>>> print(open('work.cif').read())   # mmCIF, C-alpha atoms and all ligand atoms
data_work
loop_
_atom_site.label_atom_id
_atom_site.label_comp_id
_atom_site.auth_asym_id
_atom_site.auth_seq_id
_atom_site.Cartn_x
_atom_site.Cartn_y
_atom_site.Cartn_z
CA MET A 1476 0.00 0.00 0.00
CA GLY A 1477 3.00 2.25 0.36
CA LYS A 1478 3.28 2.54 -3.39
CA LYS A 1479 2.14 6.02 -4.16
CA LYS A 1480 0.85 5.30 -7.61
CA ASN A 1481 -1.72 2.87 -6.28
CA ALA A 1482 -2.56 4.71 -3.10
CA LEU A 1483 -6.25 5.37 -2.73
CA THR A 1484 -7.61 8.87 -2.47
CA PRO A 1485 -10.68 9.53 -0.30
CA THR A 1486 -12.85 9.41 -3.41
CA THR A 1487 -11.40 6.26 -4.99
CA PHE A 1488 -11.51 4.63 -1.56
CA SER A 1489 -15.18 5.50 -1.34
CA LEU A 1490 -15.98 4.37 -4.89
CA LEU A 1491 -14.20 1.05 -4.55
CA HIS A 1492 -16.14 0.25 -1.40
CA ALA A 1493 -19.36 1.25 -3.12
CA THR A 1494 -18.48 -1.10 -5.98
CA ASP A 1495 -17.92 -3.94 -3.57
CA PHE A 1496 -21.17 -3.11 -1.82
CA ALA A 1497 -23.11 -3.05 -5.10
CA ASP A 1498 -21.76 -6.51 -5.86
CA ARG A 1499 -22.75 -7.86 -2.44
CA LEU A 1500 -26.14 -6.24 -2.67
CA LEU A 1501 -26.87 -7.95 -5.95
CA TYR A 1502 -25.57 -11.39 -5.06
CA ASN A 1503 -25.87 -11.71 -1.29
CA ILE A 1504 -28.54 -9.33 -0.11
CA VAL A 1505 -31.31 -8.98 -2.67
CA PRO A 1506 -31.85 -12.72 -3.42
CA PRO A 1507 -32.38 -13.74 0.24
CA LEU A 1508 -34.67 -10.73 0.73
CA LYS A 1509 -36.73 -11.86 -2.23
CA ALA A 1510 -36.89 -15.32 -0.69
CA GLY A 1511 -38.32 -13.77 2.49
CA MET A 1512 -35.21 -14.39 4.56
CA ILE A 1513 -33.54 -12.20 7.15
CA VAL A 1514 -30.26 -10.66 6.07
CA LEU A 1515 -27.76 -9.81 8.79
CA ALA A 1516 -25.24 -7.31 7.47
CA GLU A 1517 -22.13 -6.46 9.43
CA ARG A 1518 -21.53 -2.90 8.27
CA TYR A 1519 -23.81 -1.28 5.75
CA ALA A 1520 -23.93 2.00 3.80
CA TYR A 1521 -23.76 3.89 7.12
CA THR A 1522 -20.15 2.80 7.52
CA ALA A 1523 -19.37 4.57 4.28
CA PHE A 1524 -21.35 7.65 5.30
CA ALA A 1525 -19.28 7.94 8.47
CA ARG A 1526 -15.89 6.81 7.27
CA ASP A 1527 -15.80 8.48 3.85
CA VAL A 1528 -17.04 11.80 5.16
CA ALA A 1529 -14.39 11.63 7.91
CA ARG A 1530 -11.91 11.39 5.01
CA GLY A 1531 -13.33 14.51 3.43
CA VAL A 1532 -15.79 13.45 0.73
CA ASP A 1533 -18.99 15.40 0.44
CA ARG A 1534 -21.82 14.25 2.74
CA ARG A 1535 -24.55 14.61 0.14
CA TRP A 1536 -22.50 12.97 -2.57
CA VAL A 1537 -21.85 9.77 -0.65
CA ARG A 1538 -25.52 9.49 0.35
CA ASP A 1539 -26.57 9.84 -3.28
CA LEU A 1540 -23.91 7.33 -4.27
CA TYR A 1541 -25.56 4.68 -2.09
CA SER A 1542 -29.10 5.50 -3.09
CA PHE A 1543 -29.26 2.17 -4.94
CA ALA A 1544 -29.02 0.34 -1.60
CA VAL A 1545 -32.04 -1.24 0.09
CA ARG A 1546 -32.99 0.68 3.21
CA PRO A 1547 -32.60 -1.72 6.16
CA ASP A 1548 -35.62 -2.48 8.32
CA LEU A 1549 -33.47 -2.18 11.40
CA ALA A 1550 -30.04 -0.59 11.72
CA LEU A 1551 -28.06 -1.09 14.90
CA TYR A 1552 -25.19 1.15 15.88
CA PHE A 1553 -22.81 -0.18 18.52
CA ARG A 1554 -21.47 2.93 20.16
CA VAL A 1555 -18.24 3.01 22.18
CA PRO A 1556 -15.80 5.74 23.14
CA ILE A 1557 -12.57 5.68 21.13
CA ASP A 1558 -10.53 4.56 24.14
CA VAL A 1559 -12.63 1.47 24.55
CA SER A 1560 -12.36 0.46 20.91
CA LEU A 1561 -8.63 1.15 20.91
CA ASP A 1562 -8.19 -0.93 24.10
CA ARG A 1563 -10.13 -3.78 22.55
CA LEU A 1564 -8.05 -3.71 19.41
CA MET A 1565 -4.84 -3.56 21.44
CA ALA A 1566 -5.93 -6.40 23.70
CA ARG A 1567 -6.14 -8.60 20.62
CA ARG A 1568 -2.70 -7.32 19.69
CA VAL A 1569 -3.85 -6.52 16.22
CA LYS A 1570 -1.70 -4.18 14.24
CA LEU A 1571 -3.83 -1.20 13.22
CA LYS A 1572 -4.49 -1.33 9.52
CA PHE A 1573 -3.35 1.51 7.29
CA TYR A 1574 -6.75 2.78 6.16
CA GLU A 1575 -8.57 1.76 9.35
CA ALA A 1576 -6.23 4.01 11.31
CA GLY A 1577 -6.67 6.75 8.71
CA LEU A 1578 -2.93 6.80 8.08
CA ASP A 1579 -3.62 7.74 4.46
CA MET A 1580 -4.77 11.15 5.69
CA GLY A 1581 -1.34 12.04 6.99
CA TRP A 1582 -2.68 13.52 10.23
CA SER A 1583 -0.13 11.62 12.27
CA GLN A 1584 2.67 9.18 11.54
CA ASN A 1585 1.83 7.34 14.71
CA ALA A 1586 -0.80 4.69 14.06
CA GLN A 1587 -2.55 4.98 17.43
CA GLU A 1588 -2.58 8.74 17.34
CA SER A 1589 -3.88 8.69 13.78
CA PHE A 1590 -6.56 6.15 14.71
CA ARG A 1591 -7.68 8.42 17.52
CA ILE A 1592 -7.99 11.47 15.29
CA PHE A 1593 -9.62 9.60 12.44
CA GLN A 1594 -12.05 7.55 14.53
CA GLY A 1595 -12.97 10.70 16.42
CA LYS A 1596 -14.26 12.15 13.18
CA VAL A 1597 -15.93 8.87 12.27
CA LEU A 1598 -17.79 8.79 15.59
CA ASP A 1599 -18.94 12.38 15.12
CA GLU A 1600 -20.41 11.39 11.77
CA TYR A 1601 -22.14 8.36 13.31
CA ASP A 1602 -23.82 10.65 15.80
CA ARG A 1603 -25.27 12.60 12.92
CA LEU A 1604 -26.42 9.38 11.26
CA VAL A 1605 -28.27 8.23 14.36
CA GLU A 1606 -30.53 11.25 13.98
CA GLU A 1607 -30.72 11.35 10.23
CA PHE A 1608 -31.47 7.66 9.66
CA GLY A 1609 -32.90 6.63 13.00
CA LEU A 1610 -30.20 4.12 13.86
CA SER A 1611 -30.88 2.14 17.03
CA VAL A 1612 -27.99 2.72 19.40
CA VAL A 1613 -26.58 -0.14 21.46
CA ASP A 1614 -24.19 0.82 24.22
CA ALA A 1615 -21.24 -1.34 23.26
CA SER A 1616 -19.30 -0.63 26.42
CA LEU A 1617 -21.77 -2.86 28.31
CA ALA A 1618 -21.19 -6.58 28.90
CA ILE A 1619 -21.68 -8.75 25.85
CA THR A 1620 -24.72 -10.52 27.31
CA ASP A 1621 -26.40 -7.22 28.09
CA GLN A 1622 -25.78 -5.97 24.59
CA GLN A 1623 -27.12 -9.17 23.13
CA GLN A 1624 -30.26 -8.86 25.22
CA MET A 1625 -30.82 -5.38 23.84
CA VAL A 1626 -30.23 -6.55 20.31
CA ARG A 1627 -32.69 -9.42 20.71
CA ASN A 1628 -35.30 -7.08 22.09
CA LEU A 1629 -34.89 -4.70 19.20
CA VAL A 1630 -34.98 -7.47 16.65
CA SER A 1631 -38.02 -9.15 18.22
CA ARG A 1632 -39.90 -5.92 18.23
CA GLN A 1633 -39.01 -5.44 14.59
CA LEU A 1634 -40.09 -8.93 13.60
CA GLU A 1635 -43.44 -8.50 15.27
CA ARG A 1636 -44.26 -5.84 12.72
CA PRO A 1637 -45.48 -7.89 9.77
CA THR A 1638 -45.75 -4.98 7.38
CA LEU A 1639 -42.03 -4.38 7.48
CA VAL A 1640 -41.23 -8.00 6.75
CA GLU A 1641 -43.54 -7.73 3.76
CA THR A 1642 -41.62 -4.73 2.48
CA ALA A 1643 -38.34 -6.59 2.66
CA VAL A 1644 -39.77 -9.44 0.67
CA ASN A 1645 -41.06 -7.16 -2.02
CA GLN A 1646 -37.91 -5.10 -2.54
CA MET B 613 -36.08 16.38 -19.84
CA ASN B 614 -33.46 14.48 -17.94
CA PRO B 615 -33.98 14.56 -14.21
CA ILE B 616 -30.84 16.37 -13.18
CA PRO B 617 -29.93 16.93 -9.54
CA GLU B 618 -30.30 20.58 -8.61
CA GLU B 619 -26.77 20.94 -7.37
CA PHE B 620 -25.47 19.77 -10.73
CA GLN B 621 -24.23 22.64 -12.89
CA GLY B 622 -26.06 21.49 -16.01
CA ALA B 623 -29.36 21.67 -14.16
CA ASN B 624 -29.77 25.40 -14.66
CA GLY B 625 -28.17 25.49 -18.05
CA THR B 626 -25.04 27.39 -17.12
CA ILE B 627 -21.88 25.36 -17.00
CA GLN B 628 -18.76 26.96 -15.67
CA PRO B 629 -15.68 25.41 -17.26
CA GLY B 630 -12.91 24.56 -14.85
CA ARG B 631 -15.33 24.15 -11.93
CA TYR B 632 -16.73 20.98 -10.47
CA TYR B 633 -20.03 19.91 -11.96
CA GLY B 634 -21.56 19.05 -8.62
CA HIS B 635 -20.42 18.66 -5.05
CA GLY B 636 -16.87 18.12 -6.22
CA LEU B 637 -13.98 17.14 -4.02
CA PRO B 638 -14.27 19.30 -0.89
CA TYR B 639 -10.67 18.46 0.02
CA LEU B 640 -9.30 19.63 -3.34
CA PRO B 641 -10.15 23.24 -4.17
CA ILE B 642 -9.38 23.96 -7.84
CA GLU B 643 -10.29 27.61 -8.34
CA HIS B 644 -7.98 29.66 -10.52
CA TYR B 645 -5.85 26.81 -11.75
CA PRO B 646 -4.33 27.96 -15.03
CA GLY B 647 -4.59 24.72 -17.04
CA LYS B 648 -7.38 23.83 -19.47
CA ILE B 649 -9.28 20.63 -20.18
CA ILE B 650 -10.16 19.80 -23.75
CA ALA B 651 -12.25 16.67 -24.09
CA ILE B 652 -12.75 14.74 -27.31
CA GLU B 653 -15.83 12.59 -27.12
CA GLY B 654 -17.43 10.19 -29.50
CA THR B 655 -18.35 6.57 -29.81
CA ASP B 656 -16.04 3.58 -30.24
CA GLY B 657 -13.79 3.72 -33.27
CA VAL B 658 -15.03 7.10 -34.48
CA GLY B 659 -11.51 8.54 -34.72
CA ARG B 660 -10.83 10.24 -31.39
CA SER B 661 -7.25 9.03 -30.95
CA THR B 662 -6.33 10.02 -34.49
CA GLN B 663 -7.51 13.58 -33.85
CA ILE B 664 -5.92 13.83 -30.43
CA GLN B 665 -2.52 12.80 -31.72
CA LEU B 666 -2.61 15.48 -34.42
CA LEU B 667 -3.90 18.09 -32.03
CA ARG B 668 -1.23 17.28 -29.51
CA GLU B 669 1.59 17.71 -32.01
CA TRP B 670 0.18 21.00 -33.15
CA LEU B 671 -0.18 22.30 -29.58
CA GLU B 672 3.31 21.23 -28.63
CA VAL B 673 4.85 22.93 -31.61
CA GLN B 674 3.24 26.12 -30.36
CA GLY B 675 4.81 25.64 -26.97
CA TYR B 676 1.88 24.41 -24.91
CA GLY B 677 2.51 21.78 -22.31
CA VAL B 678 0.16 18.91 -23.07
CA VAL B 679 -0.99 16.01 -20.93
CA GLU B 680 -3.15 13.25 -22.33
CA THR B 681 -5.59 11.19 -20.34
CA GLY B 682 -7.74 8.35 -21.57
CA TRP B 683 -10.45 6.00 -20.43
CA THR B 684 -9.49 3.12 -18.10
CA ARG B 685 -5.86 4.14 -18.19
CA SER B 686 -5.50 4.73 -14.46
CA ALA B 687 -2.74 2.83 -12.71
CA LEU B 688 -5.21 1.91 -10.01
CA MET B 689 -8.06 0.51 -12.04
CA GLN B 690 -6.80 -0.71 -15.38
CA PRO B 691 -5.96 -4.26 -14.20
CA THR B 692 -9.26 -4.56 -12.33
CA ILE B 693 -11.32 -3.38 -15.27
CA GLU B 694 -9.54 -5.73 -17.66
CA LEU B 695 -10.19 -8.58 -15.27
CA ALA B 696 -13.82 -7.64 -14.84
CA LYS B 697 -14.32 -7.52 -18.59
CA SER B 698 -12.82 -10.95 -19.11
CA SER B 699 -14.58 -12.66 -16.24
CA ASN B 700 -18.06 -11.35 -17.01
CA THR B 701 -19.17 -11.49 -13.39
CA LEU B 702 -19.93 -7.82 -13.05
CA ASN B 703 -23.32 -6.27 -13.38
CA LYS B 704 -24.00 -2.88 -14.90
CA LEU B 705 -23.89 -1.06 -11.59
CA THR B 706 -20.50 -2.38 -10.58
CA PHE B 707 -19.19 -1.57 -14.04
CA VAL B 708 -20.39 2.00 -13.76
CA LEU B 709 -18.73 2.30 -10.37
CA LEU B 710 -15.44 0.84 -11.59
CA TYR B 711 -15.36 3.32 -14.47
CA ALA B 712 -16.10 6.13 -12.04
CA THR B 713 -13.26 4.97 -9.81
CA ASP B 714 -10.91 4.96 -12.78
CA PHE B 715 -11.99 8.46 -13.67
CA ALA B 716 -11.62 9.72 -10.10
CA ASP B 717 -8.13 8.29 -9.88
CA ARG B 718 -7.04 10.00 -13.10
CA LEU B 719 -8.77 13.21 -12.10
CA GLU B 720 -6.93 13.47 -8.81
CA LYS B 721 -3.56 12.15 -9.90
CA GLU B 722 -3.24 13.36 -13.47
CA ILE B 723 -5.81 15.96 -14.44
CA ILE B 724 -5.87 18.22 -11.38
CA PRO B 725 -2.06 18.33 -10.99
CA ALA B 726 -1.77 19.15 -14.71
CA LEU B 727 -4.34 21.95 -14.41
CA LYS B 728 -2.46 23.34 -11.46
CA ALA B 729 0.76 23.34 -13.46
CA GLY B 730 -0.84 25.12 -16.41
CA PHE B 731 -1.03 22.25 -18.89
CA VAL B 732 -3.55 21.62 -21.60
CA VAL B 733 -5.20 18.33 -20.71
CA LEU B 734 -6.41 16.40 -23.74
CA ALA B 735 -8.98 13.87 -22.63
CA ASP B 736 -9.66 10.95 -24.95
CA ARG B 737 -13.26 10.47 -23.75
CA TYR B 738 -14.40 12.24 -20.61
CA ILE B 739 -17.37 11.43 -18.39
CA PHE B 740 -19.80 11.50 -21.31
CA SER B 741 -18.88 8.09 -22.69
CA ALA B 742 -19.55 6.67 -19.24
CA LEU B 743 -22.87 8.48 -19.03
CA ALA B 744 -23.87 7.26 -22.49
CA ARG B 745 -22.94 3.63 -21.90
CA ALA B 746 -24.67 3.54 -18.54
CA GLY B 747 -27.70 5.42 -19.86
CA VAL B 748 -28.16 2.87 -22.63
CA ARG B 749 -28.03 0.16 -19.98
CA GLY B 750 -30.86 1.74 -18.06
CA VAL B 751 -28.92 3.20 -15.15
CA ASP B 752 -30.73 6.15 -13.58
CA ARG B 753 -29.58 9.38 -15.21
CA ALA B 754 -29.99 11.60 -12.17
CA TRP B 755 -27.95 9.16 -10.11
CA LEU B 756 -25.21 9.10 -12.75
CA ARG B 757 -24.94 12.88 -12.76
CA SER B 758 -24.72 13.01 -9.04
CA LEU B 759 -22.09 10.26 -9.08
CA TYR B 760 -19.96 12.29 -11.51
CA GLY B 761 -20.52 15.48 -9.56
CA PHE B 762 -16.84 15.30 -8.64
CA ALA B 763 -15.82 15.80 -12.28
CA ILE B 764 -14.57 19.15 -13.53
CA ALA B 765 -16.45 20.75 -16.41
CA PRO B 766 -14.01 20.85 -19.35
CA HIS B 767 -13.23 24.15 -21.06
CA LEU B 768 -14.08 22.60 -24.42
CA VAL B 769 -15.93 19.40 -25.28
CA PHE B 770 -15.79 18.24 -28.88
CA TYR B 771 -18.21 15.59 -29.96
CA LEU B 772 -17.23 13.61 -33.04
CA LYS B 773 -20.59 12.90 -34.54
CA ILE B 774 -21.11 10.07 -36.98
CA ASP B 775 -23.97 7.99 -38.36
CA VAL B 776 -24.12 4.29 -37.69
CA ASP B 777 -23.54 3.19 -41.30
CA THR B 778 -20.35 5.19 -41.67
CA LEU B 779 -19.24 3.99 -38.25
CA ILE B 780 -19.76 0.35 -39.16
CA ARG B 781 -17.64 0.65 -42.28
CA ARG B 782 -14.92 2.54 -40.41
CA VAL B 783 -14.76 0.01 -37.61
CA LEU B 784 -14.81 -2.99 -39.92
CA SER B 785 -12.00 -1.70 -42.09
CA ALA B 786 -9.91 -0.70 -39.07
CA ARG B 787 -10.13 -3.60 -36.66
CA GLY B 788 -13.49 -5.35 -36.58
CA MET B 789 -16.27 -5.37 -34.01
CA ASP B 790 -15.52 -6.11 -30.42
CA PHE B 791 -17.75 -7.77 -27.79
CA TRP B 792 -18.29 -4.73 -25.58
CA GLU B 793 -18.52 -2.17 -28.37
CA SER B 794 -21.26 -4.33 -29.84
CA GLY B 795 -23.17 -4.33 -26.57
CA MET B 796 -23.13 -8.12 -26.54
CA ASP B 797 -23.47 -7.99 -22.76
CA LEU B 798 -27.01 -6.69 -23.32
CA LYS B 799 -27.84 -10.08 -24.81
CA GLY B 800 -29.78 -8.83 -27.78
CA GLY B 801 -28.85 -11.93 -29.77
CA ASP B 802 -25.80 -13.76 -31.07
CA ASP B 803 -25.32 -11.80 -34.26
CA ILE B 804 -22.51 -9.35 -33.65
CA TYR B 805 -23.36 -7.17 -36.66
CA ASP B 806 -27.01 -6.72 -35.64
CA SER B 807 -26.02 -6.20 -32.06
CA PHE B 808 -23.38 -3.60 -32.97
CA ARG B 809 -25.83 -1.69 -35.13
CA ALA B 810 -28.59 -1.67 -32.53
CA TYR B 811 -26.30 -0.86 -29.63
CA GLN B 812 -24.31 1.86 -31.37
CA SER B 813 -27.51 3.48 -32.66
CA LYS B 814 -28.75 3.76 -29.10
CA LEU B 815 -25.41 5.04 -27.93
CA LEU B 816 -25.35 7.73 -30.62
CA ARG B 817 -28.80 8.88 -29.56
CA GLU B 818 -27.63 8.99 -25.98
CA TYR B 819 -24.63 11.18 -26.86
CA SER B 820 -26.81 13.50 -28.94
CA SER B 821 -29.23 13.91 -26.09
CA MET B 822 -26.38 15.24 -23.92
CA SER B 823 -25.22 17.71 -26.52
CA ASP B 824 -27.18 20.72 -25.26
CA GLU B 825 -26.99 19.81 -21.63
CA PHE B 826 -23.20 19.82 -21.66
CA GLY B 827 -22.51 22.26 -24.47
CA PHE B 828 -20.80 19.89 -26.91
CA ARG B 829 -19.16 21.44 -29.93
CA VAL B 830 -20.31 19.04 -32.58
CA LEU B 831 -17.92 18.08 -35.38
CA ASP B 832 -19.02 16.08 -38.39
CA ALA B 833 -16.79 13.01 -38.08
CA ARG B 834 -17.85 11.52 -41.42
CA ARG B 835 -15.39 13.80 -43.16
CA PRO B 836 -11.70 13.09 -43.85
CA VAL B 837 -9.25 13.29 -40.95
CA ASP B 838 -7.61 16.56 -41.99
CA LEU B 839 -10.87 18.46 -42.37
CA ILE B 840 -11.99 17.47 -38.90
CA GLN B 841 -8.58 18.46 -37.57
CA GLU B 842 -8.81 21.87 -39.21
CA ASP B 843 -12.09 22.56 -37.43
CA LEU B 844 -10.72 21.33 -34.18
CA ARG B 845 -7.65 23.57 -34.41
CA ARG B 846 -9.73 26.59 -35.29
CA HIS B 847 -11.91 26.19 -32.19
CA VAL B 848 -8.94 25.46 -29.94
CA GLN B 849 -6.90 28.34 -31.34
CA ALA B 850 -9.73 30.78 -30.73
CA PHE B 851 -10.23 29.54 -27.22
CA LEU B 852 -6.58 29.44 -26.15
CA SER B 853 -5.66 32.80 -27.63
CA SER B 854 -8.44 34.44 -25.65
CA SER B 855 -7.42 32.67 -22.45
CA ASP B 856 -4.73 33.46 -19.92
CA ILE B 857 -2.79 30.25 -20.41
CA SER B 858 0.94 30.68 -20.92
CA VAL B 859 3.24 29.25 -23.56
CA ASP B 860 6.92 28.29 -23.28
CA VAL B 861 8.88 30.24 -25.79
N1 LIG A 1701 -12.06 10.78 -40.42
C1 LIG A 1701 -11.74 9.52 -40.68
N2 LIG A 1701 -12.08 8.96 -41.85
C2 LIG A 1701 -11.77 7.68 -42.08
N3 LIG A 1701 -11.13 6.87 -41.23
C3 LIG A 1701 -10.77 7.36 -40.06
C4 LIG A 1701 -11.06 8.72 -39.71
N4 LIG A 1701 -10.58 8.93 -38.47
C5 LIG A 1701 -10.02 7.77 -38.05
N5 LIG A 1701 -10.13 6.84 -39.02
C6 LIG A 1701 -9.66 5.45 -38.92
O1 LIG A 1701 -10.56 4.77 -38.05
C7 LIG A 1701 -9.85 3.89 -37.21
C8 LIG A 1701 -10.13 4.23 -35.76
O2 LIG A 1701 -9.53 5.49 -35.47
P1 LIG A 1701 -9.07 5.86 -34.02
O3 LIG A 1701 -8.22 4.81 -33.43
O4 LIG A 1701 -8.55 7.24 -34.06
O5 LIG A 1701 -10.50 5.86 -33.32
P2 LIG A 1701 -10.88 5.91 -31.76
O6 LIG A 1701 -12.12 6.70 -31.71
O7 LIG A 1701 -9.72 6.37 -30.98
O8 LIG A 1701 -11.18 4.38 -31.49
P3 LIG A 1701 -11.29 3.58 -30.10
O9 LIG A 1701 -12.70 3.77 -29.65
O10 LIG A 1701 -10.98 2.19 -30.47
O11 LIG A 1701 -10.29 4.19 -29.16
C9 LIG A 1701 -8.39 4.00 -37.61
O12 LIG A 1701 -8.08 2.96 -38.49
C10 LIG A 1701 -8.31 5.34 -38.28
O13 LIG A 1701 -7.29 5.37 -39.24
MG MG A 1702 -8.68 5.42 -29.32
#
>>> encode(input="work.cif", output="structure tokens", more="lines below")
Ligand SMILES: Nc1ncnc2c1ncn2[C@@H]1O[C@H](COP(=O)(O)OP(=O)(O)OP(=O)(O)O)[C@@H](O)[C@H]1O
Ligand SMILES: [Mg+2]
Amino acid sequence: MGKKKNALTPTTFSLLHATDFADRLLYNIVPPLKAGMIVLAERYAYTAFARDVARGVDRRWVRDLYSFAVRPDLALYFRVPIDVSLDRLMARRVKLKFYEAGLDMGWSQNAQESFRIFQGKVLDEYDRLVEEFGLSVVDASLAITDQQQMVRNLVSRQLERPTLVETAVNQ
Amino acid sequence: MNPIPEEFQGANGTIQPGRYYGHGLPYLPIEHYPGKIIAIEGTDGVGRSTQIQLLREWLEVQGYGVVETGWTRSALMQPTIELAKSSNTLNKLTFVLLYATDFADRLEKEIIPALKAGFVVLADRYIFSALARAGVRGVDRAWLRSLYGFAIAPHLVFYLKIDVDTLIRRVLSARGMDFWESGMDLKGGDDIYDSFRAYQSKLLREYSSMSDEFGFRVLDARRPVDLIQEDLRRHVQAFLSSSDISVDV
């Protein structure tokens, strides 16, 4: 990734992820929806809205870009403070990835410092998204079992609303 | 006619060359860059490269710095696009997005730096070929314009206009019909000649429909090479001599 010629810009980064998403939408998301199944998606367009805008692309542009996506019936946002997510990553001794830490932005040469700056912007964007798209927030600093209980409650409530299941089937 | 997003320059009929069409790249301000973009558009095999080569030589002799950019030539995307074409697993949406990625990469790494440095950028196809191909494939036009809102409106757009019969003869005598240029992915039948004719006819209509929206300068491409080139040079000469661009002497 160090090779400058192939380095991604905020816009090509965004477009490549949208391409990948379009492919997954067509092959992995739409067919099961048509079959009346439940699709669990880890990350969705909202990731792009937060992450790409943190990199400097236009907010409106990236929302328009993803307008081909199916609107989820339920969108969960697991919110944690940066310190918690950084601690969790460090505990697993993972090396922070170049783009994940926002090192491409050149805000800091230090991966942890860069992660902190970049993720700070990402979290700010997520807060906007919660309002704009009505994301259901799960406090991800709680114990795993407590979070799971919340998730199950939210999902159950959603599934009890037959009209919404119908919509998914008809997309 | 076309549903065009409001924030898109073409929506209100006034296009400002050298500015972003739409939202643009907020992290790359481009105001007052001295370079110019001249785009040569037209369908497959119409004669764009022939004209660009002649135009380039002529501009260089006069002392202009010239940079050429062409479709799917980005370092980032060329291998991916070639692969996608050969494997046939991509749908129209992913194709559109790959082309847009290629364009974005060239815009940021070639076109914008060249504009900043005062070059004349000769674009062999610009965003219009992408819009035409996607439009023919039924991709939403408003969405496409918003997608390409990061593109810069060229200072001049020449459209090499041709009729399908002349095109067919030109392509057959030059190199033959190719799978993609015949729209064989649209599965209109196995006959490549019929498919080429039907697909290219649609494509030509699609280009024509953009002519007013984007202010194409239309050149009759049925004529001999040197006559087209004469026209081209006359337009370019008039534009450059009235502009502030500098020449190495
Ligand atoms: N005005 C013209 N009259 C007749 N033949 C022409 C004319 N212009 C170009 N040709 C011939 O048509 C062929 C295609 O020309 P050229 O490669 O310039 O087209 P192109 O638009 O760049 O094609 P492609 O879409 O493949 O990039 C060449 O053999 C060229 O010599
Ligand atoms: Mg060519």
>>> closest_atom_pairs(input="work.cif", of="chain B", to="ligand LIG 1701 (chain A)", cutoff="12 Å", atoms="all atoms listed in the file", output="CSV")
residue,atom,partner,partner_atom,distance
B:Ile652,CA,A:LIG1701,O6,9.2
B:Glu653,CA,A:LIG1701,O6,8.3
B:Gly654,CA,A:LIG1701,O6,6.7
B:Thr655,CA,A:LIG1701,O9,6.3
B:Asp656,CA,A:LIG1701,O9,3.4
B:Gly657,CA,A:LIG1701,O8,3.2
B:Val658,CA,A:LIG1701,O6,4.0
B:Gly659,CA,A:LIG1701,O5,3.2
B:Arg660,CA,A:LIG1701,O6,3.8
B:Ser661,CA,A:LIG1701,O7,3.6
B:Thr662,CA,A:LIG1701,O4,3.6
B:Gln663,CA,A:LIG1701,O4,6.4
B:Ile664,CA,A:LIG1701,O4,8.0
B:Gln665,CA,A:LIG1701,O4,8.5
B:Leu666,CA,A:LIG1701,O4,10.2
B:Leu667,CA,A:LIG1701,O4,12.0
B:Gly682,CA,A:LIG1701,O11,9.0
B:Trp683,CA,A:LIG1701,O11,8.9
B:Thr684,CA,A:LIG1701,O11,11.1
B:Arg685,CA,A:LIG1701,O11,11.8
B:Ala735,CA,A:LIG1701,O7,11.2
B:Asp736,CA,A:LIG1701,O7,7.6
B:Arg737,CA,A:LIG1701,O11,8.8
B:Ser741,CA,A:LIG1701,O9,10.3
B:Tyr771,CA,A:LIG1701,O6,10.9
B:Leu772,CA,A:LIG1701,O6,8.7
B:Lys773,CA,A:LIG1701,N1,10.6
B:Ile774,CA,A:LIG1701,N1,9.7
B:Thr778,CA,A:LIG1701,C2,8.9
B:Leu779,CA,A:LIG1701,O1,8.7
B:Ile780,CA,A:LIG1701,O1,10.3
B:Arg781,CA,A:LIG1701,N3,9.1
B:Arg782,CA,A:LIG1701,O1,5.4
B:Val783,CA,A:LIG1701,C7,6.3
B:Leu784,CA,A:LIG1701,C7,8.9
B:Ser785,CA,A:LIG1701,O12,7.1
B:Ala786,CA,A:LIG1701,O12,4.1
B:Arg787,CA,A:LIG1701,O12,7.1
B:Gly788,CA,A:LIG1701,C7,10.0
B:Met789,CA,A:LIG1701,O10,9.9
B:Asp790,CA,A:LIG1701,O10,9.5
B:Trp792,CA,A:LIG1701,O9,11.0
B:Glu793,CA,A:LIG1701,O9,8.4
B:Ser794,CA,A:LIG1701,O9,11.8
B:Gln812,CA,A:LIG1701,O9,11.9
B:Leu831,CA,A:LIG1701,N1,10.6
B:Asp832,CA,A:LIG1701,N1,9.0
B:Ala833,CA,A:LIG1701,N1,5.7
B:Arg834,CA,A:LIG1701,N1,5.9
B:Arg835,CA,A:LIG1701,N1,5.3
B:Pro836,CA,A:LIG1701,N1,4.2
B:Val837,CA,A:LIG1701,N1,3.8
B:Asp838,CA,A:LIG1701,N1,7.5
B:Leu839,CA,A:LIG1701,N1,8.0
B:Ile840,CA,A:LIG1701,N1,6.9
B:Gln841,CA,A:LIG1701,N1,8.9
B:Glu842,CA,A:LIG1701,N1,11.6
>>> residues_around(input="work.cif", residues="region 1595-1603 of chain A", least_positions_apart="6", cutoff="9 Å", atoms="all atoms listed in the file", output="compact mmCIF listing (two decimals) with C-alpha atoms, keeping the file's coordinate frame")
# COMPACT_ATOMS: atom_id res chain seq x y z
CA TYR A 1521 -23.76 3.89 7.12
CA THR A 1522 -20.15 2.80 7.52
CA PHE A 1524 -21.35 7.65 5.30
CA ALA A 1525 -19.28 7.94 8.47
CA ARG A 1526 -15.89 6.81 7.27
CA ASP A 1527 -15.80 8.48 3.85
CA VAL A 1528 -17.04 11.80 5.16
CA ALA A 1529 -14.39 11.63 7.91
CA ARG A 1530 -11.91 11.39 5.01
CA TYR A 1552 -25.19 1.15 15.88
CA ARG A 1554 -21.47 2.93 20.16
CA VAL A 1555 -18.24 3.01 22.18
CA PRO A 1556 -15.80 5.74 23.14
CA ILE A 1557 -12.57 5.68 21.13
>>> residues_around(input="work.cif", residues="region 728-733 of chain B", least_positions_apart="6", cutoff="7 Å", atoms="all atoms listed in the file", output="number ranges by chain")
B: 645-650, 676-680, 857
